[in-house]
Each structure stands twice: as C-alpha cells, then as structure tokens.
$ cat query-v8.cif   # mmCIF, C-alpha atoms
data_final
#
loop_
_atom_site.group_PDB
_atom_site.id
_atom_site.type_symbol
_atom_site.label_atom_id
_atom_site.label_comp_id
_atom_site.auth_asym_id
_atom_site.auth_seq_id
_atom_site.Cartn_x
_atom_site.Cartn_y
_atom_site.Cartn_z
ATOM 1 C CA MET A 16 -16.386 -18.139 10.043
ATOM 2 C CA ALA A 17 -15.299 -16.285 6.896
ATOM 3 C CA LEU A 18 -16.498 -16.206 3.311
ATOM 4 C CA ILE A 19 -13.557 -17.548 1.278
ATOM 5 C CA LEU A 20 -13.128 -17.610 -2.494
ATOM 6 C CA LYS A 21 -10.391 -19.617 -4.198
ATOM 7 C CA ASP A 22 -9.529 -20.147 -7.856
ATOM 8 C CA ARG A 23 -9.936 -23.456 -9.679
ATOM 9 C CA VAL A 24 -11.772 -25.346 -6.930
ATOM 10 C CA LYS A 25 -13.853 -28.183 -8.382
ATOM 11 C CA GLU A 26 -14.893 -31.594 -7.123
ATOM 12 C CA THR A 27 -17.592 -34.152 -7.820
ATOM 13 C CA THR A 28 -20.470 -35.315 -5.645
ATOM 14 C CA THR A 29 -23.251 -37.866 -5.843
ATOM 15 C CA VAL A 30 -25.599 -35.913 -3.589
ATOM 16 C CA THR A 31 -29.280 -36.687 -4.094
ATOM 17 C CA GLY A 32 -32.269 -34.783 -2.794
ATOM 18 C CA THR A 33 -31.728 -31.537 -0.881
ATOM 19 C CA GLY A 34 -29.106 -32.716 1.598
ATOM 20 C CA THR A 35 -25.469 -31.856 2.261
ATOM 21 C CA ALA A 36 -23.075 -32.724 -0.560
ATOM 22 C CA THR A 37 -20.292 -35.191 0.237
ATOM 23 C CA LEU A 38 -17.288 -34.208 -1.840
ATOM 24 C CA LEU A 39 -15.466 -36.956 -3.716
ATOM 25 C CA GLY A 40 -12.125 -35.303 -4.532
ATOM 26 C CA ALA A 41 -10.718 -32.668 -6.851
ATOM 27 C CA ALA A 42 -11.294 -32.926 -10.571
ATOM 28 C CA ALA A 43 -8.152 -33.245 -12.703
ATOM 29 C CA GLY A 44 -6.301 -29.921 -12.831
ATOM 30 C CA PHE A 45 -8.345 -28.380 -9.987
ATOM 31 C CA GLN A 46 -8.016 -27.859 -6.224
ATOM 32 C CA SER A 47 -10.221 -29.461 -3.601
ATOM 33 C CA PHE A 48 -12.627 -27.575 -1.325
ATOM 34 C CA SER A 49 -10.169 -28.121 1.543
ATOM 35 C CA THR A 50 -8.492 -24.860 0.411
ATOM 36 C CA ILE A 51 -11.617 -23.051 1.698
ATOM 37 C CA GLY A 52 -10.876 -24.156 5.264
ATOM 38 C CA ASN A 53 -12.947 -25.970 7.858
ATOM 39 C CA GLY A 54 -16.120 -24.118 8.855
ATOM 40 C CA ASN A 55 -15.722 -21.377 6.240
ATOM 41 C CA THR A 56 -18.322 -20.496 3.644
ATOM 42 C CA THR A 57 -17.921 -20.031 -0.097
ATOM 43 C CA TYR A 58 -20.018 -19.424 -3.184
ATOM 44 C CA TYR A 59 -20.734 -22.720 -4.911
ATOM 45 C CA CYS A 60 -22.428 -24.135 -7.967
ATOM 46 C CA ILE A 61 -23.678 -27.704 -8.354
ATOM 47 C CA THR A 62 -24.630 -28.934 -11.801
ATOM 48 C CA GLY A 63 -26.232 -32.294 -12.396
ATOM 49 C CA GLY A 64 -27.268 -34.264 -15.409
ATOM 50 C CA GLY A 65 -29.804 -32.564 -17.589
ATOM 51 C CA SER A 66 -31.158 -29.251 -16.384
ATOM 52 C CA GLU A 67 -30.499 -29.436 -12.616
ATOM 53 C CA TRP A 68 -28.307 -26.665 -11.175
ATOM 54 C CA GLU A 69 -27.927 -24.651 -7.994
ATOM 55 C CA VAL A 70 -25.867 -21.601 -6.972
ATOM 56 C CA GLY A 71 -25.525 -20.600 -3.354
ATOM 57 C CA ILE A 72 -23.444 -20.126 -0.254
ATOM 58 C CA GLY A 73 -22.122 -23.367 1.164
ATOM 59 C CA THR A 74 -20.332 -24.248 4.394
ATOM 60 C CA TYR A 75 -17.329 -26.556 4.053
ATOM 61 C CA THR A 76 -16.559 -29.115 6.767
ATOM 62 C CA THR A 77 -13.386 -31.229 6.795
ATOM 63 C CA SER A 78 -15.064 -33.974 8.827
ATOM 64 C CA GLY A 79 -16.598 -36.094 6.091
ATOM 65 C CA THR A 80 -15.454 -33.538 3.501
ATOM 66 C CA THR A 81 -18.897 -32.056 3.019
ATOM 67 C CA LEU A 82 -20.434 -28.882 1.660
ATOM 68 C CA ALA A 83 -23.667 -27.864 3.372
ATOM 69 C CA ARG A 84 -25.964 -25.999 0.998
ATOM 70 C CA THR A 85 -26.553 -23.165 3.467
ATOM 71 C CA ILE A 86 -28.196 -20.446 1.322
ATOM 72 C CA VAL A 87 -29.533 -20.813 -2.209
ATOM 73 C CA LEU A 88 -29.101 -17.732 -4.395
ATOM 74 C CA ALA A 89 -30.408 -19.138 -7.693
ATOM 75 C CA SER A 90 -31.392 -22.541 -8.998
ATOM 76 C CA SER A 91 -33.295 -24.537 -11.568
ATOM 77 C CA ASN A 92 -35.952 -24.931 -8.832
ATOM 78 C CA SER A 93 -37.040 -21.264 -8.891
ATOM 79 C CA GLY A 94 -34.341 -20.200 -6.429
ATOM 80 C CA SER A 95 -34.983 -22.988 -3.915
ATOM 81 C CA LEU A 96 -32.965 -26.081 -2.988
ATOM 82 C CA VAL A 97 -32.850 -28.555 -5.850
ATOM 83 C CA SER A 98 -33.829 -32.135 -5.136
ATOM 84 C CA PHE A 99 -31.023 -33.634 -7.188
ATOM 85 C CA SER A 100 -31.594 -36.935 -8.943
ATOM 86 C CA ALA A 101 -29.082 -39.796 -8.853
ATOM 87 C CA GLY A 102 -25.777 -39.487 -10.668
ATOM 88 C CA THR A 103 -22.432 -37.715 -10.475
ATOM 89 C CA LYS A 104 -22.458 -33.928 -10.366
ATOM 90 C CA ASP A 105 -19.825 -31.215 -10.555
ATOM 91 C CA VAL A 106 -19.544 -28.831 -7.597
ATOM 92 C CA PHE A 107 -17.246 -25.819 -7.835
ATOM 93 C CA VAL A 108 -16.478 -22.383 -6.401
ATOM 94 C CA THR A 109 -18.098 -19.603 -8.418
ATOM 95 C CA TYR A 110 -18.823 -15.894 -8.229
ATOM 96 C CA PRO A 111 -22.602 -15.410 -8.438
ATOM 97 C CA SER A 112 -23.787 -12.679 -10.777
ATOM 98 C CA ASP A 113 -26.096 -11.111 -8.188
ATOM 99 C CA ARG A 114 -23.136 -10.709 -5.803
ATOM 100 C CA SER A 115 -20.715 -9.390 -8.425
ATOM 101 C CA VAL A 116 -19.682 -5.809 -9.133
ATOM 102 C CA ASN A 117 -19.143 -5.151 -12.814
ATOM 103 C CA GLN A 118 -19.241 -2.422 -15.412
ATOM 104 C CA ASP A 119 -22.011 -1.815 -17.882
ATOM 105 C CA ASP A 120 -21.435 -1.344 -21.619
ATOM 106 C CA VAL A 121 -20.310 2.280 -21.150
ATOM 107 C CA GLY A 122 -17.759 1.456 -18.465
ATOM 108 C CA SER A 123 -19.566 2.400 -15.287
ATOM 109 C CA ALA A 124 -20.651 0.221 -12.413
ATOM 110 C CA PRO A 125 -24.184 0.459 -10.997
ATOM 111 C CA ASN A 126 -24.496 3.138 -8.300
ATOM 112 C CA GLN A 127 -21.048 4.485 -9.127
ATOM 113 C CA ILE A 128 -19.952 7.514 -11.120
ATOM 114 C CA PRO A 129 -18.466 6.839 -14.571
ATOM 115 C CA LEU A 130 -14.685 6.642 -14.702
ATOM 116 C CA ASN A 131 -14.347 9.819 -16.794
ATOM 117 C CA GLN A 132 -16.343 11.784 -14.193
ATOM 118 C CA TYR A 133 -14.233 10.300 -11.392
ATOM 119 C CA LEU A 134 -10.999 11.267 -13.140
ATOM 120 C CA GLY A 135 -12.348 14.760 -13.766
ATOM 121 C CA ALA A 136 -13.228 15.142 -10.078
ATOM 122 C CA LEU A 137 -9.823 13.806 -9.080
ATOM 123 C CA ALA A 138 -8.067 16.299 -11.356
ATOM 124 C CA TYR A 139 -10.132 19.089 -9.812
ATOM 125 C CA LEU A 140 -9.160 17.987 -6.314
ATOM 126 C CA GLN A 141 -5.506 18.026 -7.291
ATOM 127 C CA GLN A 142 -5.677 21.688 -8.320
ATOM 128 C CA PRO A 143 -3.831 24.033 -5.950
ATOM 129 C CA TYR A 144 -5.926 25.552 -3.186
ATOM 130 C CA ARG A 145 -5.247 29.120 -2.175
ATOM 131 C CA LYS A 146 -6.079 31.216 0.848
ATOM 132 C CA VAL A 147 -5.799 35.001 0.810
ATOM 133 C CA GLN A 148 -5.125 37.225 3.817
ATOM 134 C CA ARG A 149 -5.047 41.037 3.705
ATOM 135 C CA GLN A 150 -3.621 43.429 6.271
ATOM 136 C CA LEU A 151 -3.333 47.222 6.435
ATOM 137 C CA ALA A 152 0.181 48.291 7.370
ATOM 138 C CA THR A 153 1.129 50.719 10.076
ATOM 139 C CA SER A 154 3.772 53.330 9.310
ATOM 140 C CA LEU A 155 7.133 51.629 8.507
ATOM 141 C CA GLN A 156 5.797 48.195 9.482
ATOM 142 C CA THR A 157 8.039 45.356 8.285
ATOM 143 C CA VAL A 158 6.879 42.256 10.217
ATOM 144 C CA PHE A 159 3.530 40.633 9.395
ATOM 145 C CA THR A 160 2.007 37.552 11.048
ATOM 146 C CA ILE A 161 0.136 35.012 8.884
ATOM 147 C CA THR A 162 -2.909 33.614 10.675
ATOM 148 C CA GLY A 163 -2.876 29.806 10.570
ATOM 149 C CA GLY A 164 0.641 29.647 9.158
ATOM 150 C CA TYR A 165 1.762 28.293 5.779
ATOM 151 C CA ALA A 166 4.398 26.064 4.200
ATOM 152 C CA LEU A 167 7.679 27.839 3.450
ATOM 153 C CA GLY A 168 7.965 28.662 -0.248
ATOM 154 C CA TYR A 169 4.207 28.460 -0.845
ATOM 155 C CA ILE A 170 3.270 32.128 -0.455
ATOM 156 C CA ASP A 171 3.021 35.153 -2.745
ATOM 157 C CA VAL A 172 3.196 38.639 -1.241
ATOM 158 C CA TYR A 173 1.531 41.718 -2.776
ATOM 159 C CA GLN A 174 1.834 45.361 -1.687
ATOM 160 C CA ASN A 175 -0.997 47.580 -2.927
ATOM 161 C CA GLY A 176 -1.774 45.015 -5.666
ATOM 162 C CA VAL A 177 1.814 44.670 -6.907
ATOM 163 C CA LYS A 178 3.459 41.288 -6.494
ATOM 164 C CA LEU A 179 6.735 41.523 -4.599
ATOM 165 C CA TYR A 180 9.864 39.642 -5.655
ATOM 166 C CA SER A 181 11.172 37.056 -3.205
ATOM 167 C CA THR A 182 14.097 39.436 -2.592
ATOM 168 C CA ASP A 183 11.637 42.072 -1.259
ATOM 169 C CA TYR A 184 10.715 40.005 1.792
ATOM 170 C CA THR A 185 11.983 37.211 4.029
ATOM 171 C CA GLU A 186 10.032 34.151 5.100
ATOM 172 C CA THR A 187 11.175 34.298 8.703
ATOM 173 C CA ASN A 188 9.244 31.164 9.703
ATOM 174 C CA THR A 189 5.953 29.462 8.800
ATOM 175 C CA SER A 190 3.886 32.297 10.247
ATOM 176 C CA THR A 191 5.926 35.487 9.739
ATOM 177 C CA ILE A 192 6.877 37.568 6.695
ATOM 178 C CA THR A 193 9.381 40.415 7.039
ATOM 179 C CA LEU A 194 9.460 43.110 4.351
ATOM 180 C CA SER A 195 12.883 44.424 3.315
ATOM 181 C CA VAL A 196 11.565 48.008 3.320
ATOM 182 C CA GLY A 197 8.982 49.280 5.804
ATOM 183 C CA ALA A 198 5.474 49.839 4.447
ATOM 184 C CA VAL A 199 3.693 53.160 4.294
ATOM 185 C CA LEU A 200 0.715 53.749 6.606
ATOM 186 C CA ASN A 201 -2.394 51.955 5.245
ATOM 187 C CA ASP A 202 -0.523 50.050 2.517
ATOM 188 C CA GLU A 203 -2.537 46.940 1.729
ATOM 189 C CA ILE A 204 -0.342 43.868 2.182
ATOM 190 C CA GLU A 205 -1.869 40.752 0.677
ATOM 191 C CA PHE A 206 -0.656 37.205 1.267
ATOM 192 C CA VAL A 207 -1.683 34.404 -1.121
ATOM 193 C CA ILE A 208 -0.998 31.052 0.517
ATOM 194 C CA TRP A 209 -0.911 27.913 -1.648
ATOM 195 C CA TRP A 210 -1.610 24.275 -0.823
ATOM 196 C CA VAL A 211 -1.305 21.461 -3.336
#
$ encode --input "query-v8.cif" --output "structure tokens"
Amino acid sequence: MALILKDRVKETTTVTGTGTATLLGAAAGFQSFSTIGNGNTTYYCITGGGSEWEVGIGTYTTSGTTLARTIVLASSNSGSLVSFSAGTKDVFVTYPSDRSVNQDDVGSAPNQIPLNQYLGALAYLQQPYRKVQRQLATSLQTVFTITGGYALGYIDVYQNGVKLYSTDYTETNTSTITLSVGAVLNDEIEFVIWWV
C-alpha cells in the first residue's frame, strides 16, 4: 500500500508492551486515523506517561481500528520498540526529522546547492544562445541556406563584418536568406542565429 500523511490526525490508545495499538477515537479537534486508509502506512508518534515515546512507520487497519508499529525510527528505548506501561497514550501522525528535508541556517538544504547559486545558474541558462555560420559567397550570389534552420526573426546577417539592415535581405523561410543585392566573389556572409 501507500505511505499517506494527513494533517491533524490524533487519537488515544491504551496499548501496553510492544504490540499493535488499538485506536480509541479522534481527540477533540482532530481527525481519526481512518483518513489514512485501510492497509496504508503513515509516520506515527506514540507518547505515554512519563518518558515513554516512539516514532515510526505504522500500518493502519480498519478492522479493529489498529495501528501496527511496523518500523521504529526513533524511541525512548534506543530506537527499538517501546514496551509501553499501562495508561492512556496519545498517538498521532508526524513527520520524523530523519525523513524530513529542510534548510540549514543559511537557507540551503543538505546535498543541494544554495538558493542564490541556483538562481544564478537559472539566470545563466535563460541567457540567449547563439550559433554562428559563415559562408564565402560566389559571384553575385543572393540565396544562402542556413544549416539546421532557425526561427524567423531570430537571425542577424553580416557581410564582410558589417551588420546588414533587415531591409538588405529577406528571410525566405526558416532555412534560407536572400540578399537584396548579389554578393561579390569571396564576400564573407555571416549568420548569427539566436535561441532564447
């Protein structure tokens, strides 16, 4: 089944020893464990009188309304099942600290890059990317093919290092540029293609 977490789930139990906890109903203002669903697991905490406590993964069963203490994550018994003494105890859904993801005092999570570095990398990735293609013209050549194509409007055209105005050429389609005036033999035609 699935691991389910729900807010404000709290009941009482009179479990003793290390057995399965029979749940006795929701505490005032809280939901019952039935919101977890039959056969599903959840993180739980049981606290008894005095210093007895246990945090783990429990399996909820609607038949008998029980919570099996399936895996212990931490406890007052050195991380093992607690042999609870008699008396009423609280049992509730929790989020164990060793399963949580949180930020340290400088705002970064363990094994993750700090937020300011992430934002810097993201800004870098959002910078325009450019690809440059150069071709030597034949005498009076006007039509040039762009290898790999480009998006219309995202190209700059240079002739012998001088940027041409958009009126000096036509973007015929996404792979062809047509100069208004034919180039001279061996003119260097440079295409700067932009992606954002």
$ residues_around --input "query-v8.cif" --residues "Gly32 of chain A" --least-positions-apart "4" --cutoff "9 Å" --atoms "only C-alpha atoms" --output "list in words"
Leu96, Val97, Ser98, Phe99, Ser100 and Ala101 of chain A
$ residues_around --input "query-v8.cif" --residues "Gly163 of chain A" --least-positions-apart "5" --cutoff "12 Å" --atoms "only C-alpha atoms" --output "list in words"
Lys146, Val147, Gln148, Thr189, Ser190, Thr191 and Ile208 of chain A
$ closest_residue --input "query-v8.cif" --among "A:Asn53, A:Ser90, A:Thr28, A:Thr85" --to "Ser66 of chain A" --atoms "only C-alpha atoms"
A:Ser90
$ closest_residue --input "query-v8.cif" --among "A:Asn201, A:Thr103, A:Ser181, A:Gln46" --to "Ala152 of chain A" --atoms "all atoms listed in the file"
A:Asn201
$ residues_around --input "query-v8.cif" --residues "Val30 of chain A" --least-positions-apart "2" --cutoff "12 Å" --atoms "all atoms listed in the file" --output "PDB file with C-alpha atoms, in the coordinates of the input"
ATOM      1  CA  THR A  27     -17.592 -34.152  -7.820  1.00  0.00           C
ATOM      2  CA  THR A  28     -20.470 -35.315  -5.645  1.00  0.00           C
ATOM      3  CA  GLY A  32     -32.269 -34.783  -2.794  1.00  0.00           C
ATOM      4  CA  THR A  33     -31.728 -31.537  -0.881  1.00  0.00           C
ATOM      5  CA  GLY A  34     -29.106 -32.716   1.598  1.00  0.00           C
ATOM      6  CA  THR A  35     -25.469 -31.856   2.261  1.00  0.00           C
ATOM      7  CA  ALA A  36     -23.075 -32.724  -0.560  1.00  0.00           C
ATOM      8  CA  THR A  37     -20.292 -35.191   0.237  1.00  0.00           C
ATOM      9  CA  LEU A  38     -17.288 -34.208  -1.840  1.00  0.00           C
ATOM     10  CA  LEU A  39     -15.466 -36.956  -3.716  1.00  0.00           C
ATOM     11  CA  ILE A  61     -23.678 -27.704  -8.354  1.00  0.00           C
ATOM     12  CA  THR A  62     -24.630 -28.934 -11.801  1.00  0.00           C
ATOM     13  CA  GLY A  63     -26.232 -32.294 -12.396  1.00  0.00           C
ATOM     14  CA  THR A  81     -18.897 -32.056   3.019  1.00  0.00           C
ATOM     15  CA  LEU A  82     -20.434 -28.882   1.660  1.00  0.00           C
ATOM     16  CA  ALA A  83     -23.667 -27.864   3.372  1.00  0.00           C
ATOM     17  CA  ARG A  84     -25.964 -25.999   0.998  1.00  0.00           C
ATOM     18  CA  VAL A  97     -32.850 -28.555  -5.850  1.00  0.00           C
ATOM     19  CA  SER A  98     -33.829 -32.135  -5.136  1.00  0.00           C
ATOM     20  CA  PHE A  99     -31.023 -33.634  -7.188  1.00  0.00           C
ATOM     21  CA  SER A 100     -31.594 -36.935  -8.943  1.00  0.00           C
ATOM     22  CA  ALA A 101     -29.082 -39.796  -8.853  1.00  0.00           C
ATOM     23  CA  GLY A 102     -25.777 -39.487 -10.668  1.00  0.00           C
ATOM     24  CA  THR A 103     -22.432 -37.715 -10.475  1.00  0.00           C
ATOM     25  CA  LYS A 104     -22.458 -33.928 -10.366  1.00  0.00           C
ATOM     26  CA  ASP A 105     -19.825 -31.215 -10.555  1.00  0.00           C
ATOM     27  CA  VAL A 106     -19.544 -28.831  -7.597  1.00  0.00           C
TER      28      VAL A 106
END
$ atom_distance --input "query-v8.cif" --atom1 "atom CA of Ile204 of chain A" --atom2 "atom CA of Thr162 of chain A"
13.6 Å
$ resolve_selection --input "query-v8.cif" --expression "the PyMOL selection byres ((chain A and resi 196) around 12)" --output "PDB file with C-alpha atoms, in the coordinates of the input"
ATOM      1  CA  SER A 154       3.772  53.330   9.310  1.00  0.00           C
ATOM      2  CA  LEU A 155       7.133  51.629   8.507  1.00  0.00           C
ATOM      3  CA  GLN A 156       5.797  48.195   9.482  1.00  0.00           C
ATOM      4  CA  THR A 157       8.039  45.356   8.285  1.00  0.00           C
ATOM      5  CA  VAL A 158       6.879  42.256  10.217  1.00  0.00           C
ATOM      6  CA  GLN A 174       1.834  45.361  -1.687  1.00  0.00           C
ATOM      7  CA  LEU A 179       6.735  41.523  -4.599  1.00  0.00           C
ATOM      8  CA  THR A 182      14.097  39.436  -2.592  1.00  0.00           C
ATOM      9  CA  ASP A 183      11.637  42.072  -1.259  1.00  0.00           C
ATOM     10  CA  TYR A 184      10.715  40.005   1.792  1.00  0.00           C
ATOM     11  CA  THR A 185      11.983  37.211   4.029  1.00  0.00           C
ATOM     12  CA  ILE A 192       6.877  37.568   6.695  1.00  0.00           C
ATOM     13  CA  THR A 193       9.381  40.415   7.039  1.00  0.00           C
ATOM     14  CA  LEU A 194       9.460  43.110   4.351  1.00  0.00           C
ATOM     15  CA  SER A 195      12.883  44.424   3.315  1.00  0.00           C
ATOM     16  CA  GLY A 197       8.982  49.280   5.804  1.00  0.00           C
ATOM     17  CA  ALA A 198       5.474  49.839   4.447  1.00  0.00           C
ATOM     18  CA  VAL A 199       3.693  53.160   4.294  1.00  0.00           C
TER      19      VAL A 199
END
$ resolve_selection --input "query-v8.cif" --expression "the PyMOL selection byres ((chain A and resi 71) around 6)" --output "PyMOL selection string"
chain A and resi 58-59+70+72+86-88
$ closest_residue --input "query-v8.cif" --among "A:Ile161, A:Leu18, A:Ile51, A:Leu151" --to "Glu203 of chain A" --atoms "only C-alpha atoms"
A:Leu151
$ atom_distance --input "query-v8.cif" --atom1 "atom CA of Val24 of chain A" --atom2 "atom CA of Gly54 of chain A"
16.4 Å
$ atom_distance --input "query-v8.cif" --atom1 "atom CA of Phe45 of chain A" --atom2 "atom CA of Gly94 of chain A"
27.5 Å
$ closest_residue --input "query-v8.cif" --among "A:Thr57, A:Thr74, A:Thr153, A:Thr80" --to "Thr109 of chain A" --atoms "all atoms listed in the file"
A:Thr57
$ closest_residue --input "query-v8.cif" --among "A:Gly40, A:Phe206, A:Phe159, A:Asn188" --to "Asn175 of chain A" --atoms "all atoms listed in the file"
A:Phe206
$ residues_near_point --input "query-v8.cif" --point "(-12.4, -17.8, 4.7)" --cutoff "7 Å" --atoms "all atoms listed in the file" --output "ChimeraX atom specification"
/A:16-19,51-52,55-56
$ write_last_selection --input "query-v8.cif" --atoms "C-alpha atoms" --output "CSV table (one decimal), in the coordinates of the input"
chain,number,residue,atom,x,y,z
A,16,MET,CA,-16.4,-18.1,10.0
A,17,ALA,CA,-15.3,-16.3,6.9
A,18,LEU,CA,-16.5,-16.2,3.3
A,19,ILE,CA,-13.6,-17.5,1.3
A,51,ILE,CA,-11.6,-23.1,1.7
A,52,GLY,CA,-10.9,-24.2,5.3
A,55,ASN,CA,-15.7,-21.4,6.2
A,56,THR,CA,-18.3,-20.5,3.6
$ closest_residue --input "query-v8.cif" --among "A:Ser49, A:Ser115, A:Thr31, A:Thr187" --to "Gly79 of chain A" --atoms "all atoms listed in the file"
A:Ser49
$ axis_aligned_box --input "query-v8.cif" --around "segment 152-161 of chain A" --padding-each-side "4 Å" --output "JSON"
{"center_x": 4.1, "center_y": 44.2, "center_z": 9.2, "size_x": 15.9, "size_y": 26.3, "size_z": 11.7}
$ build_atoms --input "query-v8.cif" --residues "segment 159-186 of chain A" --atoms "N, CA and C atoms" --output "mmCIF file, in the coordinates of the input"
data_model
loop_
_atom_site.group_PDB
_atom_site.id
_atom_site.type_symbol
_atom_site.label_atom_id
_atom_site.label_comp_id
_atom_site.auth_asym_id
_atom_site.auth_seq_id
_atom_site.Cartn_x
_atom_site.Cartn_y
_atom_site.Cartn_z
ATOM 1 N N PHE A 159 4.945 40.980 9.505
ATOM 2 C CA PHE A 159 3.530 40.633 9.395
ATOM 3 C C PHE A 159 3.346 39.168 9.800
ATOM 4 N N THR A 160 2.300 38.915 10.582
ATOM 5 C CA THR A 160 2.007 37.552 11.048
ATOM 6 C C THR A 160 0.892 36.956 10.196
ATOM 7 N N ILE A 161 1.109 35.731 9.715
ATOM 8 C CA ILE A 161 0.136 35.012 8.884
ATOM 9 C C ILE A 161 -0.711 34.143 9.799
ATOM 10 N N THR A 162 -2.001 34.401 9.843
ATOM 11 C CA THR A 162 -2.909 33.614 10.675
ATOM 12 C C THR A 162 -3.005 32.193 10.127
ATOM 13 N N GLY A 163 -2.777 31.216 10.985
ATOM 14 C CA GLY A 163 -2.876 29.806 10.570
ATOM 15 C C GLY A 163 -1.606 29.250 9.969
ATOM 16 N N GLY A 164 -0.628 30.117 9.697
ATOM 17 C CA GLY A 164 0.641 29.647 9.158
ATOM 18 C C GLY A 164 0.554 29.215 7.705
ATOM 19 N N TYR A 165 1.673 28.742 7.172
ATOM 20 C CA TYR A 165 1.762 28.293 5.779
ATOM 21 C C TYR A 165 3.027 27.459 5.634
ATOM 22 N N ALA A 166 3.185 26.831 4.482
ATOM 23 C CA ALA A 166 4.398 26.064 4.200
ATOM 24 C C ALA A 166 5.407 26.978 3.526
ATOM 25 N N LEU A 167 6.637 26.983 4.019
ATOM 26 C CA LEU A 167 7.679 27.839 3.450
ATOM 27 C C LEU A 167 7.784 27.630 1.947
ATOM 28 N N GLY A 168 7.847 28.732 1.205
ATOM 29 C CA GLY A 168 7.965 28.662 -0.248
ATOM 30 C C GLY A 168 6.632 28.643 -0.967
ATOM 31 N N TYR A 169 5.527 28.543 -0.232
ATOM 32 C CA TYR A 169 4.207 28.460 -0.845
ATOM 33 C C TYR A 169 3.374 29.694 -0.513
ATOM 34 N N ILE A 170 3.970 30.876 -0.720
ATOM 35 C CA ILE A 170 3.270 32.128 -0.455
ATOM 36 C C ILE A 170 3.701 33.168 -1.481
ATOM 37 N N ASP A 171 2.739 33.985 -1.912
ATOM 38 C CA ASP A 171 3.021 35.153 -2.745
ATOM 39 C C ASP A 171 2.632 36.371 -1.928
ATOM 40 N N VAL A 172 3.443 37.427 -2.014
ATOM 41 C CA VAL A 172 3.196 38.639 -1.241
ATOM 42 C C VAL A 172 2.959 39.802 -2.208
ATOM 43 N N TYR A 173 1.886 40.563 -1.960
ATOM 44 C CA TYR A 173 1.531 41.718 -2.776
ATOM 45 C C TYR A 173 1.476 42.952 -1.874
ATOM 46 N N GLN A 174 1.929 44.086 -2.404
ATOM 47 C CA GLN A 174 1.834 45.361 -1.687
ATOM 48 C C GLN A 174 1.079 46.322 -2.595
ATOM 49 N N ASN A 175 -0.113 46.708 -2.141
ATOM 50 C CA ASN A 175 -0.997 47.580 -2.927
ATOM 51 C C ASN A 175 -1.250 47.006 -4.328
ATOM 52 N N GLY A 176 -1.439 45.678 -4.407
ATOM 53 C CA GLY A 176 -1.774 45.015 -5.666
ATOM 54 C C GLY A 176 -0.597 44.647 -6.525
ATOM 55 N N VAL A 177 0.615 44.986 -6.124
ATOM 56 C CA VAL A 177 1.814 44.670 -6.907
ATOM 57 C C VAL A 177 2.531 43.498 -6.245
ATOM 58 N N LYS A 178 2.777 42.463 -7.046
ATOM 59 C CA LYS A 178 3.459 41.288 -6.494
ATOM 60 C C LYS A 178 4.917 41.614 -6.206
ATOM 61 N N LEU A 179 5.357 41.275 -4.999
ATOM 62 C CA LEU A 179 6.735 41.523 -4.599
ATOM 63 C C LEU A 179 7.626 40.352 -5.026
ATOM 64 N N TYR A 180 8.880 40.683 -5.376
ATOM 65 C CA TYR A 180 9.864 39.642 -5.655
ATOM 66 C C TYR A 180 10.263 38.972 -4.339
ATOM 67 N N SER A 181 10.752 37.768 -4.421
ATOM 68 C CA SER A 181 11.172 37.056 -3.205
ATOM 69 C C SER A 181 12.324 37.776 -2.495
ATOM 70 N N THR A 182 13.021 38.662 -3.219
ATOM 71 C CA THR A 182 14.097 39.436 -2.592
ATOM 72 C C THR A 182 13.550 40.628 -1.800
ATOM 73 N N ASP A 183 12.250 40.934 -1.949
ATOM 74 C CA ASP A 183 11.637 42.072 -1.259
ATOM 75 C C ASP A 183 11.128 41.706 0.132
ATOM 76 N N TYR A 184 11.188 40.435 0.473
ATOM 77 C CA TYR A 184 10.715 40.005 1.792
ATOM 78 C C TYR A 184 11.453 38.737 2.206
ATOM 79 N N THR A 185 11.359 38.421 3.484
ATOM 80 C CA THR A 185 11.983 37.211 4.029
ATOM 81 C C THR A 185 10.906 36.379 4.704
ATOM 82 N N GLU A 186 10.927 35.075 4.398
ATOM 83 C CA GLU A 186 10.032 34.151 5.100
ATOM 84 C C GLU A 186 10.750 33.759 6.392
#
